[in-house]
Amino acid sequence: MNLSDSQTGGAAPRRVSAMEAVLAHLRDAIERGEYAIGEKLPSEAELCRGLEVSRPVLREALRALQTMGLTVSRTGKGTFVVADAVQDATFGDYMAGDLMEVRRHVEIPVAGYAALRRTPEDVDRLRNLLERMERETDTTAWVAMDTLFHLAVAEAAHNPVFRRVLEEIRDALARQSAFLNELGGRRAQSDREHRAIVEALTDGSEPDAVRAMTHHLDRVETTLTDLVRSARTPGPRTTPAPVHHDNTQAV
């Protein structure tokens with residue numbers, strides 16, 4: 001189940017996980033009309049057999065389809081198609097576009113305030129958290145720390161309202177982080193961007209902190225846009241080869 005060069009925009013090849021391959025197959029089938037709006041997808045057991053993947057791999061792909069707004073899961077009934085094209089991703093209670101708009105208006109100035117107001121304890125907390133993130137290999141644990149990192153930057157601004165605002169969208173931030181890192185391979189890049197933010201805060205440079213957070217959110221939004229609105233290459237409907245859950249494929 002290889003993706004074409006046109007889908008990657010000629011970018012450097014990277015490895016595609018089994019979950020990504022399953023997601024690409026199911027999304028393509030929905031967008032081509034093989035599963036119509038209102039139609040129920042085959043059962044998990046059927047899909048696992050047909051694609052030769054484990055149930056955890058399939059469930060991750062189904063969650064991503066729901067995040068993209070293509071399907072909805074109904075307890076005890078199954079997964080149903082609700083759209084034939086991706087409009088915007090949804091993270092918890094919030095649309096991706098709304099979430100990014102708020103993040104830009106809150107987190108960028110917060111980074112500037114944090115650079116001016118941070119204490120040595122704030123810097124130590126952020127550095128320790130960043131070092132743990134850079135060593136972490138488990139995606140779930142990394143995502144949890146990613147959310148804590150952004151909350152810690154807000155705490156360093158020493159305005160409790162900022163922390164409260166980010167707490168309100170904490171679940172959405174975690175869902176967005178998991179989505180981007182599972183499908184966009186952003187973890188190493190995020191670590192570098194986080195380090196630039198911490199260095200700016202350490203130096204007490206408001207302009208650098210604002211610039212670093214702006215760059216970070218720019219990259220988040222670009223990756224998100226690429227994932228949910230990537231163009232599909234028209235072609236004949238075909239049945240893909242089975243995807244083995246313990247392998248990856250180059251694109």
# chains A, B, ... in the order shown; residues from 1 in each chain; ligands from 1

call {"tool": "residues_around", "arguments": {"residues": "range 168-183 of chain A", "least_positions_apart": "3", "cutoff": "8 Å", "atoms": "only C-alpha atoms", "output": "list of chain:residue names"}}
result
A:Glu20, A:Ala64, A:Phe91, A:Gly92, A:Asp93, A:Tyr94, A:Leu99, A:Thr139, A:Thr140, A:Val143, A:Ala144, A:Asp146, A:Thr147, A:Arg164, A:Val165, A:Arg186, A:Arg187, A:Val220, A:Thr223, A:Leu224, A:Leu227

call {"tool": "select_by_dssp", "arguments": {"residues": "range 120-241 of chain A", "states": "alpha helix (DSSP H)", "output": "PyMOL selection string"}}
result
chain A and resi 120-135+139-156+160-168+170-183+187-203+206-228

call {"tool": "write_last_selection", "arguments": {"atoms": "C-alpha atoms", "output": "short mmCIF file (atom, residue, chain, number, x, y, z; two decimals), in the first residue's frame"}}
result
data_model
loop_
_atom_site.label_atom_id
_atom_site.label_comp_id
_atom_site.auth_asym_id
_atom_site.auth_seq_id
_atom_site.Cartn_x
_atom_site.Cartn_y
_atom_site.Cartn_z
CA PRO A 120 15.13 30.07 37.73
CA GLU A 121 12.71 27.41 38.98
CA ASP A 122 10.53 27.86 35.88
CA VAL A 123 13.55 27.41 33.63
CA ASP A 124 14.72 24.33 35.54
CA ARG A 125 11.24 22.78 35.27
CA LEU A 126 11.12 23.36 31.51
CA ARG A 127 14.65 22.08 30.95
CA ASN A 128 14.00 18.92 32.95
CA LEU A 129 10.76 18.29 31.09
CA LEU A 130 12.43 18.85 27.73
CA GLU A 131 15.24 16.44 28.57
CA ARG A 132 12.71 13.79 29.53
CA MET A 133 10.84 14.34 26.28
CA GLU A 134 14.00 14.01 24.22
CA ARG A 135 14.74 10.65 25.86
CA THR A 139 4.38 8.07 22.13
CA THR A 140 1.66 8.19 24.79
CA ALA A 141 4.11 9.34 27.47
CA TRP A 142 5.64 11.91 25.11
CA VAL A 143 2.23 13.35 24.25
CA ALA A 144 1.42 13.77 27.94
CA MET A 145 4.69 15.64 28.48
CA ASP A 146 4.09 17.76 25.38
CA THR A 147 0.91 19.10 26.95
CA LEU A 148 2.70 19.65 30.26
CA PHE A 149 5.40 21.61 28.42
CA HIS A 150 2.91 24.14 27.08
CA LEU A 151 1.24 24.44 30.46
CA ALA A 152 4.67 25.02 32.05
CA VAL A 153 5.37 27.88 29.62
CA ALA A 154 2.04 29.41 30.65
CA GLU A 155 2.97 29.02 34.32
CA ALA A 156 6.25 30.82 33.65
CA PRO A 160 -3.08 32.32 36.33
CA VAL A 161 -5.58 33.20 33.61
CA PHE A 162 -3.21 31.97 30.91
CA ARG A 163 -2.85 28.63 32.68
CA ARG A 164 -6.64 28.38 33.03
CA VAL A 165 -7.19 29.01 29.32
CA LEU A 166 -4.75 26.25 28.37
CA GLU A 167 -6.27 23.90 30.93
CA GLU A 168 -9.61 24.35 29.15
CA ARG A 170 -5.75 20.57 27.51
CA ASP A 171 -7.56 17.48 26.19
CA ALA A 172 -7.71 18.94 22.69
CA LEU A 173 -3.99 19.76 22.81
CA ALA A 174 -3.20 16.16 23.77
CA ARG A 175 -5.39 14.78 20.99
CA GLN A 176 -3.81 17.11 18.45
CA SER A 177 -0.32 16.17 19.61
CA ALA A 178 -1.07 12.44 19.35
CA PHE A 179 -2.57 12.88 15.87
CA LEU A 180 0.40 14.86 14.56
CA ASN A 181 3.01 12.53 16.03
CA GLU A 182 1.31 9.31 14.94
CA LEU A 183 0.74 10.51 11.37
CA ARG A 187 8.26 14.29 17.56
CA ALA A 188 11.94 15.05 16.83
CA GLN A 189 11.03 18.33 15.14
CA SER A 190 8.83 19.31 18.09
CA ASP A 191 11.69 18.60 20.49
CA ARG A 192 13.93 20.98 18.54
CA GLU A 193 11.25 23.64 18.46
CA HIS A 194 10.63 23.25 22.19
CA ARG A 195 14.35 23.59 22.86
CA ALA A 196 14.40 26.89 20.95
CA ILE A 197 11.55 28.13 23.15
CA VAL A 198 13.36 27.09 26.33
CA GLU A 199 16.60 28.75 25.20
CA ALA A 200 14.74 31.99 24.51
CA LEU A 201 13.12 31.87 27.94
CA THR A 202 16.47 31.12 29.56
CA ASP A 203 17.99 34.15 27.86
CA GLU A 206 10.92 38.30 24.57
CA PRO A 207 11.43 38.69 20.79
CA ASP A 208 13.18 35.31 20.54
CA ALA A 209 10.50 33.60 22.63
CA VAL A 210 7.73 35.05 20.49
CA ARG A 211 9.59 34.05 17.35
CA ALA A 212 10.25 30.51 18.61
CA MET A 213 6.64 29.90 19.62
CA THR A 214 5.39 31.37 16.35
CA HIS A 215 7.65 29.02 14.40
CA HIS A 216 6.48 26.07 16.48
CA LEU A 217 2.80 26.79 15.87
CA ASP A 218 3.48 27.48 12.18
CA ARG A 219 4.99 24.00 11.84
CA VAL A 220 2.13 22.41 13.78
CA GLU A 221 -0.43 24.04 11.50
CA THR A 222 1.47 23.19 8.32
CA THR A 223 1.75 19.52 9.28
CA LEU A 224 -1.90 19.39 10.27
CA THR A 225 -2.97 20.96 6.98
CA ASP A 226 -0.82 18.52 5.01
CA LEU A 227 -2.34 15.57 6.83
CA VAL A 228 -6.02 16.42 6.65
#

call {"tool": "atom_distance", "arguments": {"atom1": "CA of Ala36 in chain A", "atom2": "CA of Ala85 in chain A"}}
result
11.2 Å

call {"tool": "residues_around", "arguments": {"residues": "Val57 in chain A", "least_positions_apart": "4", "cutoff": "9 Å", "atoms": "only C-alpha atoms", "output": "PyMOL selection string"}}
result
chain A and resi 18-19+22+48+53+61-62+245
